[in-house]
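Data file: input29.cif. Format and content: mmCIF, C-alpha atoms.
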data_entry
#
loop_
_atom_site.label_atom_id
_atom_site.label_comp_id
_atom_site.auth_asym_id
_atom_site.auth_seq_id
_atom_site.Cartn_x
_atom_site.Cartn_y
_atom_site.Cartn_z
CA MET A 1 38.87 -33.42 -34.32
CA THR A 2 39.45 -32.41 -30.74
CA SER A 3 37.59 -29.66 -28.96
CA SER A 4 40.63 -27.46 -28.42
CA THR A 5 41.71 -27.83 -32.04
CA ALA A 6 38.25 -26.79 -33.13
CA ALA A 7 38.54 -23.71 -30.96
CA ALA A 8 41.76 -22.80 -32.73
CA ARG A 9 40.55 -23.52 -36.26
CA GLY A 10 36.78 -23.22 -36.30
CA PRO A 11 34.28 -25.98 -37.10
CA ILE A 12 35.17 -28.76 -39.54
CA ALA A 13 32.34 -30.69 -41.12
CA GLN A 14 34.26 -33.66 -42.50
CA ASP A 15 32.70 -36.46 -40.53
CA PRO A 16 29.38 -35.49 -38.90
CA ALA A 17 29.09 -38.70 -36.88
CA SER A 18 32.60 -38.35 -35.46
CA SER A 19 32.06 -34.66 -34.72
CA HIS A 20 28.81 -35.45 -32.89
CA ALA A 21 30.51 -38.12 -30.78
CA ARG A 22 33.32 -35.81 -29.75
CA ARG A 23 30.97 -32.94 -28.95
CA ASN A 24 29.20 -35.29 -26.57
CA GLY A 25 32.40 -36.32 -24.80
CA GLN A 26 32.90 -39.65 -26.56
CA GLY A 27 36.14 -40.86 -28.13
CA GLN A 28 39.69 -39.83 -27.43
CA GLN A 29 40.42 -36.32 -26.16
CA HIS A 30 43.94 -35.03 -26.84
CA ASN A 31 43.51 -31.46 -25.63
CA PRO A 32 43.08 -30.94 -21.89
CA PRO A 33 41.22 -27.77 -20.93
CA LEU A 34 43.46 -24.73 -20.67
CA HIS A 35 42.80 -21.90 -18.25
CA ALA A 36 44.59 -18.57 -18.47
CA ALA A 37 46.16 -17.47 -15.22
CA PRO A 38 44.29 -14.72 -13.42
CA SER A 39 47.41 -12.54 -13.32
CA GLN A 40 49.27 -11.51 -16.47
CA LYS A 41 52.73 -12.52 -15.27
CA LEU A 42 55.35 -11.87 -17.91
CA LEU A 43 57.35 -15.00 -18.69
CA THR A 44 60.90 -15.69 -19.77
CA VAL A 45 60.73 -18.67 -22.13
CA LEU A 46 63.86 -20.51 -23.20
CA ILE A 47 63.31 -22.00 -26.68
CA THR A 48 65.85 -24.52 -27.91
CA VAL A 49 65.95 -25.75 -31.51
CA PRO A 50 68.73 -27.63 -33.36
CA SER A 51 69.02 -25.17 -36.27
CA LEU A 52 67.41 -22.08 -37.74
CA ASP A 53 67.34 -22.90 -41.43
CA ALA A 54 64.12 -23.96 -43.12
CA GLY A 55 62.53 -26.88 -41.30
CA ALA A 56 59.16 -26.93 -39.57
CA ALA A 57 60.79 -26.79 -36.13
CA ASP A 58 63.02 -23.89 -37.22
CA GLU A 59 60.13 -21.80 -38.50
CA GLY A 60 57.94 -22.88 -35.60
CA ALA A 61 60.50 -21.50 -33.17
CA ILE A 62 60.44 -18.13 -34.96
CA ASP A 63 56.64 -18.10 -34.84
CA LEU A 64 56.78 -18.78 -31.12
CA VAL A 65 59.20 -15.89 -30.57
CA ARG A 66 56.81 -13.59 -32.40
CA MET A 67 53.82 -14.76 -30.35
CA LEU A 68 55.63 -14.30 -27.05
CA ALA A 69 57.26 -10.97 -27.84
CA THR A 70 54.00 -9.49 -29.13
CA ALA A 71 52.35 -10.43 -25.82
CA GLY A 72 55.16 -8.77 -23.85
CA HIS A 73 57.01 -11.94 -22.79
CA HIS A 74 60.76 -12.50 -23.14
CA PRO A 75 61.72 -15.30 -25.56
CA ILE A 76 65.31 -16.56 -25.68
CA VAL A 77 66.32 -18.87 -28.54
CA VAL A 78 69.25 -21.24 -28.08
CA SER A 79 70.35 -22.86 -31.34
CA SER A 80 73.28 -23.65 -33.59
CA GLY A 81 71.82 -20.99 -35.89
CA GLY A 82 71.19 -20.72 -39.61
CA ARG A 83 69.73 -18.42 -42.24
CA LEU A 84 66.66 -17.62 -40.08
CA GLU A 85 68.87 -16.43 -37.24
CA PRO A 86 68.27 -12.68 -37.92
CA ASP A 87 64.53 -13.32 -37.72
CA VAL A 88 64.82 -14.05 -33.99
CA GLU A 89 65.80 -10.46 -33.21
CA THR A 90 63.36 -9.07 -35.79
CA ALA A 91 60.55 -11.00 -34.10
CA GLY A 92 61.54 -9.58 -30.70
CA GLY A 93 63.62 -12.37 -29.22
CA GLU A 94 67.17 -12.91 -28.01
CA PHE A 95 69.53 -15.37 -29.70
CA ILE A 96 72.24 -17.43 -27.99
CA ARG A 97 74.45 -19.73 -30.04
CA LEU A 98 74.99 -23.29 -28.85
CA ASN A 99 75.64 -26.47 -30.84
CA THR A 100 72.22 -27.96 -30.17
CA ALA A 101 72.25 -29.78 -33.54
CA SER A 102 74.93 -32.24 -32.45
CA ARG A 103 74.04 -35.86 -31.67
CA ASN A 104 77.29 -36.38 -29.80
CA PRO A 105 76.32 -37.51 -26.25
CA PHE A 106 79.16 -35.51 -24.68
CA ILE A 107 78.06 -32.31 -26.43
CA ILE A 108 74.44 -32.98 -25.41
CA VAL A 109 75.50 -33.24 -21.76
CA ARG A 110 77.66 -30.13 -22.08
CA ASN A 111 74.71 -28.28 -23.58
CA SER A 112 72.50 -29.37 -20.70
CA ILE A 113 74.93 -27.78 -18.26
CA ALA A 114 74.94 -24.55 -20.28
CA LEU A 115 71.13 -24.51 -20.39
CA THR A 116 70.90 -25.11 -16.65
CA GLN A 117 73.21 -22.19 -15.99
CA LEU A 118 71.21 -19.99 -18.35
CA ILE A 119 67.91 -20.94 -16.70
CA ARG A 120 69.26 -19.93 -13.30
CA ALA A 121 70.98 -16.75 -14.52
CA ARG A 122 67.92 -15.20 -16.16
CA PRO A 123 65.75 -16.86 -14.58
CA CYS A 124 63.57 -18.76 -17.06
CA ASP A 125 60.02 -19.90 -16.41
CA ILE A 126 59.63 -22.51 -19.18
CA LEU A 127 61.97 -24.57 -21.35
CA HIS A 128 60.47 -25.39 -24.76
CA ALA A 129 62.27 -27.82 -27.08
CA HIS A 130 61.77 -28.08 -30.84
CA GLY A 131 63.71 -31.06 -32.20
CA ARG A 132 65.28 -34.14 -30.67
CA THR A 133 68.95 -33.22 -30.21
CA ALA A 134 67.94 -29.98 -28.52
CA ALA A 135 65.30 -31.80 -26.47
CA TRP A 136 67.77 -34.22 -24.86
CA SER A 137 69.85 -31.37 -23.46
CA ALA A 138 66.69 -29.49 -22.49
CA LEU A 139 65.20 -32.49 -20.67
CA ILE A 140 68.27 -32.83 -18.44
CA ALA A 141 68.39 -29.08 -17.76
CA ALA A 142 64.68 -28.93 -16.98
CA ARG A 143 64.84 -31.80 -14.52
CA VAL A 144 67.88 -30.32 -12.74
CA SER A 145 66.46 -26.79 -12.54
CA GLY A 146 62.81 -27.72 -11.92
CA VAL A 147 61.58 -25.64 -14.85
CA PRO A 148 58.56 -27.03 -16.75
CA PHE A 149 59.59 -28.83 -19.94
CA VAL A 150 57.49 -28.46 -23.11
CA THR A 151 58.08 -30.12 -26.49
CA SER A 152 56.62 -29.54 -29.97
CA TRP A 153 56.05 -32.32 -32.52
CA TYR A 154 55.81 -31.30 -36.18
CA LYS A 155 55.98 -34.69 -37.91
CA GLY A 156 56.08 -38.42 -37.34
CA PHE A 157 59.65 -39.61 -36.81
CA ARG A 158 60.82 -42.90 -38.31
CA GLN A 159 61.31 -45.69 -35.75
CA GLN A 160 63.17 -48.43 -37.60
CA ASN A 161 64.75 -49.91 -34.45
CA LEU A 162 64.72 -49.78 -30.65
CA LEU A 163 67.56 -47.24 -30.46
CA LYS A 164 65.71 -44.85 -32.77
CA ARG A 165 62.56 -45.28 -30.71
CA LEU A 166 64.49 -44.32 -27.57
CA TYR A 167 66.03 -41.31 -29.33
CA ASN A 168 62.64 -40.10 -30.58
CA GLY A 169 61.02 -40.72 -27.21
CA VAL A 170 62.49 -37.60 -25.64
CA MET A 171 59.90 -35.58 -27.54
CA ALA A 172 57.13 -37.41 -25.68
CA ARG A 173 58.62 -36.70 -22.23
CA GLY A 174 57.54 -33.09 -21.92
CA ASP A 175 55.38 -31.97 -19.02
CA ARG A 176 53.21 -30.86 -21.91
CA VAL A 177 53.58 -32.13 -25.46
CA ILE A 178 52.33 -29.97 -28.33
CA ALA A 179 51.25 -31.68 -31.57
CA VAL A 180 50.46 -29.75 -34.74
CA ASN A 181 47.41 -31.86 -35.56
CA ASP A 182 45.27 -34.75 -34.37
CA GLN A 183 47.15 -37.33 -36.46
CA ILE A 184 50.45 -36.51 -34.77
CA ALA A 185 48.76 -36.48 -31.35
CA GLU A 186 47.40 -39.96 -31.99
CA LEU A 187 50.81 -41.16 -33.18
CA ILE A 188 52.45 -39.89 -29.96
CA THR A 189 49.88 -41.71 -27.84
CA GLU A 190 50.16 -44.91 -29.85
CA ARG A 191 53.96 -45.08 -29.94
CA HIS A 192 54.91 -43.70 -26.54
CA ARG A 193 51.80 -44.23 -24.40
CA THR A 194 51.86 -40.54 -23.48
CA PRO A 195 48.78 -39.71 -21.39
CA VAL A 196 46.30 -37.72 -23.45
CA ASN A 197 46.02 -35.08 -20.72
CA ARG A 198 49.65 -34.11 -21.44
CA ILE A 199 49.09 -33.63 -25.19
CA THR A 200 47.77 -30.39 -26.66
CA VAL A 201 46.99 -29.88 -30.35
CA ILE A 202 47.92 -26.40 -31.55
CA PRO A 203 47.98 -25.87 -35.33
CA THR A 204 50.86 -24.22 -37.16
CA ALA A 205 50.44 -20.46 -37.43
CA VAL A 206 50.41 -18.89 -40.90
CA ASP A 207 50.91 -15.22 -41.67
CA PHE A 208 47.82 -14.73 -43.84
CA ASP A 209 48.64 -11.08 -44.35
CA ARG A 210 51.98 -11.93 -45.93
CA PHE A 211 50.57 -14.90 -47.84
CA ASP A 212 47.87 -12.98 -49.65
CA PRO A 213 47.79 -13.24 -53.46
CA ALA A 214 46.33 -9.74 -53.74
CA LYS A 215 49.58 -8.35 -52.28
CA VAL A 216 51.98 -10.04 -54.70
CA ASP A 217 52.58 -8.02 -57.87
CA VAL A 218 53.55 -9.40 -61.28
CA GLU A 219 57.13 -8.13 -61.00
CA ARG A 220 57.79 -10.27 -57.95
CA VAL A 221 56.38 -13.33 -59.72
CA LYS A 222 58.45 -12.58 -62.83
CA ALA A 223 61.60 -12.25 -60.71
CA VAL A 224 61.09 -15.73 -59.28
CA ARG A 225 60.35 -17.27 -62.68
CA ASP A 226 63.46 -15.60 -64.09
CA VAL A 227 65.60 -17.21 -61.39
CA TRP A 228 64.09 -20.58 -62.27
CA GLY A 229 64.46 -19.93 -66.02
CA VAL A 230 60.74 -20.43 -66.61
CA HIS A 231 58.69 -18.45 -69.14
CA LYS A 232 55.37 -17.01 -67.95
CA SER A 233 53.39 -19.36 -70.21
CA VAL A 234 54.96 -22.50 -68.72
CA LYS A 235 53.08 -24.38 -66.00
CA VAL A 236 55.05 -24.87 -62.78
CA ILE A 237 54.87 -27.88 -60.46
CA LEU A 238 56.39 -26.58 -57.22
CA VAL A 239 57.77 -28.83 -54.48
CA VAL A 240 58.72 -26.84 -51.37
CA GLY A 241 60.89 -28.05 -48.50
CA ARG A 242 64.23 -29.58 -47.67
CA ILE A 243 65.44 -32.30 -50.01
CA LEU A 244 64.95 -35.32 -47.77
CA ARG A 245 63.94 -38.88 -48.64
CA ARG A 246 60.82 -38.75 -46.48
CA LYS A 247 59.47 -35.90 -48.62
CA GLY A 248 59.35 -38.15 -51.70
CA HIS A 249 61.22 -36.12 -54.31
CA HIS A 250 62.07 -39.37 -56.11
CA ILE A 251 58.35 -40.09 -56.48
CA VAL A 252 57.88 -36.69 -58.12
CA VAL A 253 60.73 -37.38 -60.56
CA GLN A 254 59.11 -40.64 -61.59
CA ALA A 255 55.75 -38.89 -62.05
CA VAL A 256 57.38 -36.18 -64.18
CA ARG A 257 58.91 -38.88 -66.38
CA ARG A 258 55.41 -40.25 -66.99
CA LEU A 259 54.19 -36.78 -67.94
CA LYS A 260 56.97 -36.55 -70.53
CA GLU A 261 56.26 -40.04 -71.83
CA ILE A 262 52.66 -39.17 -72.65
CA GLY A 263 53.81 -36.05 -74.50
CA LEU A 264 52.86 -33.33 -72.01
CA LYS A 265 54.64 -30.09 -72.85
CA ASP A 266 55.08 -26.58 -71.49
CA PHE A 267 55.62 -27.54 -67.85
CA VAL A 268 58.52 -27.47 -65.40
CA CYS A 269 58.93 -29.04 -61.96
CA VAL A 270 60.87 -26.96 -59.42
CA PHE A 271 62.32 -28.42 -56.22
CA ALA A 272 62.69 -25.32 -54.02
CA GLY A 273 64.48 -26.34 -50.85
CA GLU A 274 67.75 -26.63 -49.05
CA ASP A 275 70.20 -29.50 -49.18
CA GLN A 276 72.01 -29.47 -45.85
CA GLY A 277 74.51 -32.08 -46.99
CA ARG A 278 73.63 -34.57 -44.26
CA THR A 279 72.62 -37.38 -46.63
CA ARG A 280 73.36 -38.62 -50.15
CA TYR A 281 69.73 -38.22 -51.13
CA THR A 282 70.14 -35.09 -53.27
CA GLY A 283 72.72 -36.92 -55.36
CA GLU A 284 70.37 -39.88 -55.68
CA VAL A 285 67.57 -37.59 -56.84
CA TRP A 286 69.78 -35.98 -59.48
CA ASP A 287 70.99 -39.42 -60.66
CA LEU A 288 67.34 -40.36 -61.08
CA VAL A 289 66.70 -37.15 -63.02
CA LEU A 290 69.54 -38.07 -65.38
CA ALA A 291 68.37 -41.67 -65.69
CA THR A 292 64.80 -40.63 -66.52
CA ASP A 293 65.89 -37.98 -69.05
CA THR A 294 63.99 -35.23 -67.21
CA THR A 295 66.80 -32.67 -66.86
CA ASP A 296 64.97 -30.34 -69.25
CA VAL A 297 61.85 -30.14 -67.06
CA ILE A 298 63.23 -30.42 -63.50
CA ARG A 299 64.97 -27.61 -61.64
CA LEU A 300 66.83 -28.09 -58.36
CA ALA A 301 66.57 -24.60 -56.92
CA ALA A 302 67.77 -23.19 -53.63
CA ALA A 303 65.38 -22.15 -50.88
CA VAL A 304 63.29 -19.16 -51.98
CA ASP A 305 63.45 -15.87 -50.10
CA ASP A 306 60.17 -14.56 -51.54
CA MET A 307 57.93 -17.54 -50.90
CA PRO A 308 54.62 -15.73 -51.56
CA ALA A 309 55.88 -14.86 -55.05
CA ALA A 310 57.15 -18.40 -55.62
CA LEU A 311 53.75 -19.80 -54.72
CA SER A 312 52.05 -17.27 -56.99
CA ALA A 313 54.30 -18.49 -59.82
CA ALA A 314 53.15 -22.09 -59.31
CA THR A 315 50.32 -23.81 -61.12
CA VAL A 316 50.19 -26.54 -58.50
CA VAL A 317 52.09 -27.34 -55.29
CA VAL A 318 52.97 -30.98 -54.61
CA SER A 319 53.89 -32.88 -51.45
CA ALA A 320 54.72 -36.52 -52.16
CA ALA A 321 55.69 -37.43 -48.58
CA ILE A 322 56.33 -41.11 -47.90
CA GLN A 323 56.34 -40.61 -44.13
CA GLN A 324 53.71 -38.99 -41.90
CA GLU A 325 54.44 -35.27 -42.20
CA GLY A 326 52.08 -33.69 -39.71
CA LEU A 327 50.85 -30.21 -40.57
CA GLN A 328 53.06 -28.84 -43.36
CA ARG A 329 53.41 -25.08 -43.33
CA ALA A 330 54.17 -25.01 -47.08
CA LEU A 331 50.78 -26.55 -47.89
CA LEU A 332 48.91 -24.07 -45.71
CA GLU A 333 50.82 -21.22 -47.35
CA ALA A 334 50.07 -22.59 -50.83
CA LEU A 335 46.37 -22.79 -50.05
CA ALA A 336 46.48 -19.28 -48.60
CA MET A 337 47.98 -18.12 -51.91
CA GLU A 338 45.06 -19.72 -53.78
CA VAL A 339 47.18 -22.45 -55.37
CA PRO A 340 45.70 -25.96 -55.85
CA VAL A 341 47.68 -28.71 -54.11
CA VAL A 342 48.31 -32.39 -54.81
CA VAL A 343 49.32 -34.39 -51.76
CA SER A 344 50.04 -37.98 -50.78
CA ASP A 345 47.90 -39.55 -48.09
CA LEU A 346 50.85 -39.16 -45.67
CA ALA A 347 51.50 -35.52 -46.55
CA ALA A 348 48.27 -34.01 -45.26
CA GLY A 349 44.99 -35.04 -43.71
CA PRO A 350 41.44 -33.96 -44.56
CA ASP A 351 41.78 -31.13 -42.04
CA VAL A 352 44.19 -29.47 -44.50
CA VAL A 353 43.24 -30.54 -48.03
CA LEU A 354 39.67 -31.10 -49.19
CA ALA A 355 39.82 -33.76 -51.88
CA PRO A 356 37.40 -36.13 -53.63
CA PRO A 357 35.92 -38.58 -52.78
CA ALA A 358 35.73 -37.17 -49.24
CA VAL A 359 34.16 -34.01 -50.63
CA SER A 360 32.35 -33.13 -53.85
CA GLU A 361 34.15 -31.61 -56.83
CA GLU A 362 32.54 -28.27 -55.97
CA ARG A 363 34.31 -28.22 -52.57
CA MET A 364 37.74 -29.59 -53.46
CA THR A 365 40.88 -27.57 -52.74
CA GLY A 366 43.24 -30.16 -54.20
CA LEU A 367 43.78 -33.83 -54.96
CA ARG A 368 45.15 -36.75 -52.96
CA PHE A 369 47.04 -39.87 -54.09
CA ALA A 370 48.40 -43.01 -52.46
CA SER A 371 51.86 -42.45 -50.98
CA GLY A 372 54.63 -43.84 -53.18
CA ASP A 373 52.42 -44.19 -56.27
CA ALA A 374 54.10 -42.14 -58.99
CA THR A 375 51.50 -43.15 -61.59
CA ALA A 376 48.69 -41.83 -59.40
CA LEU A 377 50.61 -38.59 -58.83
CA ALA A 378 51.07 -38.16 -62.59
CA ALA A 379 47.34 -38.72 -63.12
CA ALA A 380 46.48 -36.09 -60.51
CA LEU A 381 48.82 -33.57 -62.15
CA ILE A 382 47.31 -34.24 -65.58
CA ARG A 383 43.89 -33.63 -64.10
CA ILE A 384 44.95 -30.31 -62.57
CA PHE A 385 46.62 -29.20 -65.81
CA SER A 386 43.58 -30.14 -67.90
CA LEU A 387 41.18 -28.00 -65.86
CA PRO A 388 40.08 -24.69 -67.34
CA GLU A 389 41.89 -21.72 -65.83
CA ALA A 390 38.65 -20.47 -64.27
CA THR A 391 38.13 -23.82 -62.53
CA ARG A 392 41.69 -23.83 -61.16
CA ARG A 393 41.15 -20.33 -59.83
CA SER A 394 37.94 -21.42 -58.13
CA ILE A 395 39.77 -24.30 -56.47
CA GLY A 396 42.42 -21.85 -55.31
CA ARG A 397 39.90 -19.43 -53.84
CA ARG A 398 38.24 -22.26 -51.92
CA GLY A 399 41.65 -23.25 -50.56
CA ARG A 400 42.25 -19.78 -49.14
CA GLU A 401 38.76 -19.61 -47.66
CA TRP A 402 39.32 -23.02 -46.06
CA VAL A 403 42.63 -22.26 -44.34
CA LEU A 404 41.45 -18.81 -43.25
CA GLY A 405 38.52 -20.46 -41.50
CA GLN A 406 40.40 -23.41 -40.01
CA PHE A 407 43.81 -22.02 -39.03
CA ASP A 408 43.14 -18.74 -37.25
CA PRO A 409 46.56 -17.53 -36.03
CA SER A 410 45.09 -15.39 -33.24
CA ALA A 411 43.26 -18.40 -31.79
CA ALA A 412 46.41 -20.53 -31.96
CA THR A 413 48.36 -17.77 -30.22
CA ALA A 414 45.77 -17.50 -27.45
CA GLN A 415 45.88 -21.26 -26.96
CA MET A 416 49.69 -21.31 -26.77
CA LEU A 417 49.81 -18.46 -24.25
CA ALA A 418 47.14 -20.13 -22.13
CA LEU A 419 49.20 -23.33 -22.09
CA TYR A 420 52.30 -21.42 -21.03
CA SER A 421 50.40 -19.67 -18.25
CA GLU A 422 49.21 -23.01 -16.94
CA VAL A 423 52.51 -24.91 -17.09
CA ALA A 424 54.51 -22.01 -15.63
CA SER A 425 52.54 -22.42 -12.41
CA THR A 426 53.83 -25.98 -12.03
CA ARG A 427 57.49 -25.05 -11.63
CA ARG A 428 59.39 -27.19 -9.15
CA ASP A 429 62.27 -25.98 -6.99
CA GLY A 430 65.56 -26.89 -8.63
#
Encoding of this model in structure tokens:
Amino acid sequence: MTSSTAAARGPIAQDPASSHARRNGQGQQHNPPLHAAPSQKLLTVLITVPSLDAGAADEGAIDLVRMLATAGHHPIVVSSGGRLEPDVETAGGEFIRLNTASRNPFIIVRNSIALTQLIRARPCDILHAHGRTAAWSALIAARVSGVPFVTSWYKGFRQQNLLKRLYNGVMARGDRVIAVNDQIAELITERHRTPVNRITVIPTAVDFDRFDPAKVDVERVKAVRDVWGVHKSVKVILVVGRILRRKGHHIVVQAVRRLKEIGLKDFVCVFAGEDQGRTRYTGEVWDLVLATDTTDVIRLAAAVDDMPAALSAATVVVSAAIQQEGLQRALLEALAMEVPVVVSDLAAGPDVVLAPPAVSEERMTGLRFASGDATALAAALIRIFSLPEATRRSIGRRGREWVLGQFDPSAATAQMLALYSEVASTRRDG
């Protein structure tokens, strides 16, 4: 746990020896000290993100717009757009459409020219990239114009070959690199040898006012269950997020088959997420559903508009990630809604989910299983289902208390604005 992360989240007492070492300046330090500028200069920040649909980068860009606009700054979002596009204006930003989702090298270069022109026309003080295709154009534009270049990492990218490593590496070339947690910061350093004084850990912001179970009425929950075709007495296993192989939906299907095989009844598993049609994975998942005879207990639903209600409808939220996921917003939101979670060891670290044996049963907020192990996932789900309702509610309440204490959005906002103030002063003449 780094000192700046602790400032944003509050104290974490997971590993007393490690915490003591870091407090005394030992070990690796990912967060350099940030100092707010003495003057409150209002900034124009150009935010570029491949799409505005439902990914971590997409929602992170919207959060950033909200932070900046609330503080009086001018955020401009350049993106190919998507269903979250209206949220840019609602949050107080300006939207400009550009095909930043394309991997075509010619389009990337063309985008860099457009970004350079935009930087000079406004003018912009900082260029912040969320996502690799957008980052390549942004890197070129930032170097030409002399504007500080910032990147945000939300997950660990696969690096199956040298070309992929080069492609991913653009995210480590920011003048400052933002990681959502310590695990991602360490991955950046390990893979790309990025100096630790260029990496800052700033947790994902969560709207705890919106994700408050006390503010979700039964009618909203019923409406979501009706869409899913699920009776109120049926337990719901909810998997939130885009249908991508790295998120492990196939592992969940195999676990659900095991639940059926042992005779478990009155449960449904809902995959609530978008299929952007970029891979054949959704078809593979449905083929597996057919092959495992689980069509009666698995629902492939679209992305949910009323996520607080969807989480309230869930008995348990699952992330079966088979690749390092960083800090998943959906898990933080589930915990905020007092829902127990079951996660793979690549889906979330101990800074997010308190699970035995790292903590006692009386402190747990969920369960953890080995990534890729469908049998272990099934066992964890059986354990959650077998708990008395009062015990599940206690676990849920501890989850909300935990994330409220560790992921303070106001502290994360202050840290982000301090970083911007510092990097804006480093602008070079273009």
Pick the closest to Glu219 of chain A from A:Asp296, A:Val236, A:Ala313, A:Met171: which is it, counting all atoms listed in the file?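 Answer, going by the shortest atom-to-atom distance: A:Ala313.
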Using the chain letters and residue numbers of this document, give as a ChimeraX atom specification the residues selected by the PyMOL selection byres ((chain A and resi 419) around 9). /A:34-36,176,200,414-418,420-424
Hey, can I get the axis-aligned box for segment 71-75 of chain A? All listed atoms, 8 Å padding on each side, centre and edge lengths in Å to one decimal, as lines of an AutoDock Vina configuration file.
center_x = 57.0
center_y = -12.0
center_z = -24.3
size_x = 25.4
size_y = 22.5
size_z = 19.0
Within 9 Å of segment 322-336 of chain A, which residues of segment 110-155 of chain A show up? Give each one with its shortest atom-to-atom distance in Å (one decimal) and the two atoms involved, counting all atoms listed in the file, rows by chain then rising residue number, as a tab-separated table.
residue	atom	partner	partner_atom	distance
A:Trp153	CA	A:Gly326	CA	8.3
A:Tyr154	CA	A:Gly326	CA	5.7
A:Lys155	CA	A:Gly326	CA	4.4
Near segment 383-387 of chain A, counting only C-alpha atoms, which residues have an atom at most 9 Å away, once you skip same-chain residues fewer than 6 positions from it, shown as a ChimeraX atom specification? /A:235,315-316,340,342,366-367
Run the PyMOL selection byres ((chain A and resi 274) around 9) on the file and write out the hits as a PyMOL selection string. chain A and resi 53-54+241-243+272-273+275-277+301-303
I'd like the residues picked by the PyMOL selection byres ((chain A and resi 69-80) around 8) written out as number ranges by chain, using the chain letters and numbers from the file. A: 42-52, 61, 65-68, 81-82, 88, 91-101
With all atoms listed in the file as the atoms that count, which of A:Ser425, A:Thr282, A:Thr413, A:Ser112 lies nearest to Pro203 of chain A? A:Thr413
Given only C-alpha atoms as the basis, pick out the residue of A:Thr204, A:Cys124, A:Gly396, A:Ala309 nearest to Val221 of chain A. A:Ala309
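Distance annotation: of A:Ala379, A:Val239, A:Leu354, A:Leu127, the residue with the minimal separation from Leu115 of chain A is A:Leu127; atom set is only C-alpha atoms.
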Give as a tab-separated table (two decimals) with C-alpha atoms, in the frame of the given file every residue, naming chains and numbers as the document does, that has an atom within 8 Å of (60.5, -36.3, -61.7), counting all atoms listed in the file.
chain	number	residue	atom	x	y	z
A	249	HIS	CA	61.22	-36.12	-54.31
A	250	HIS	CA	62.07	-39.37	-56.11
A	251	ILE	CA	58.35	-40.09	-56.48
A	252	VAL	CA	57.88	-36.69	-58.12
A	253	VAL	CA	60.73	-37.38	-60.56
A	254	GLN	CA	59.11	-40.64	-61.59
A	255	ALA	CA	55.75	-38.89	-62.05
A	256	VAL	CA	57.38	-36.18	-64.18
A	257	ARG	CA	58.91	-38.88	-66.38
A	269	CYS	CA	58.93	-29.04	-61.96
A	288	LEU	CA	67.34	-40.36	-61.08
A	289	VAL	CA	66.70	-37.15	-63.02
A	292	THR	CA	64.80	-40.63	-66.52
A	294	THR	CA	63.99	-35.23	-67.21
A	298	ILE	CA	63.23	-30.42	-63.50
Can you give me N, CA and C atoms for segment 396-407 of chain A, written as a short mmCIF file (atom, residue, chain, number, x, y, z; two decimals), in the frame of the given file?
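Dumped to selection.cif:
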data_model
loop_
_atom_site.label_atom_id
_atom_site.label_comp_id
_atom_site.auth_asym_id
_atom_site.auth_seq_id
_atom_site.Cartn_x
_atom_site.Cartn_y
_atom_site.Cartn_z
N GLY A 396 41.50 -22.64 -56.12
CA GLY A 396 42.42 -21.85 -55.31
C GLY A 396 41.71 -20.95 -54.32
N ARG A 397 40.65 -20.31 -54.75
CA ARG A 397 39.90 -19.43 -53.84
C ARG A 397 39.29 -20.22 -52.69
N ARG A 398 38.79 -21.42 -52.99
CA ARG A 398 38.24 -22.26 -51.92
C ARG A 398 39.33 -22.65 -50.94
N GLY A 399 40.53 -22.89 -51.44
CA GLY A 399 41.65 -23.25 -50.56
C GLY A 399 41.95 -22.14 -49.57
N ARG A 400 41.99 -20.90 -50.05
CA ARG A 400 42.25 -19.78 -49.14
C ARG A 400 41.13 -19.63 -48.12
N GLU A 401 39.90 -19.72 -48.57
CA GLU A 401 38.76 -19.61 -47.66
C GLU A 401 38.84 -20.70 -46.59
N TRP A 402 39.25 -21.89 -46.99
CA TRP A 402 39.32 -23.02 -46.06
C TRP A 402 40.36 -22.78 -44.96
N VAL A 403 41.59 -22.42 -45.36
CA VAL A 403 42.63 -22.26 -44.34
C VAL A 403 42.38 -21.02 -43.48
N LEU A 404 41.78 -19.98 -44.06
CA LEU A 404 41.45 -18.81 -43.25
C LEU A 404 40.46 -19.18 -42.15
N GLY A 405 39.52 -20.06 -42.48
CA GLY A 405 38.52 -20.46 -41.50
C GLY A 405 39.02 -21.46 -40.49
N GLN A 406 39.98 -22.32 -40.88
CA GLN A 406 40.40 -23.41 -40.01
C GLN A 406 41.66 -23.13 -39.21
N PHE A 407 42.51 -22.23 -39.67
CA PHE A 407 43.81 -22.02 -39.03
C PHE A 407 43.97 -20.55 -38.64
#
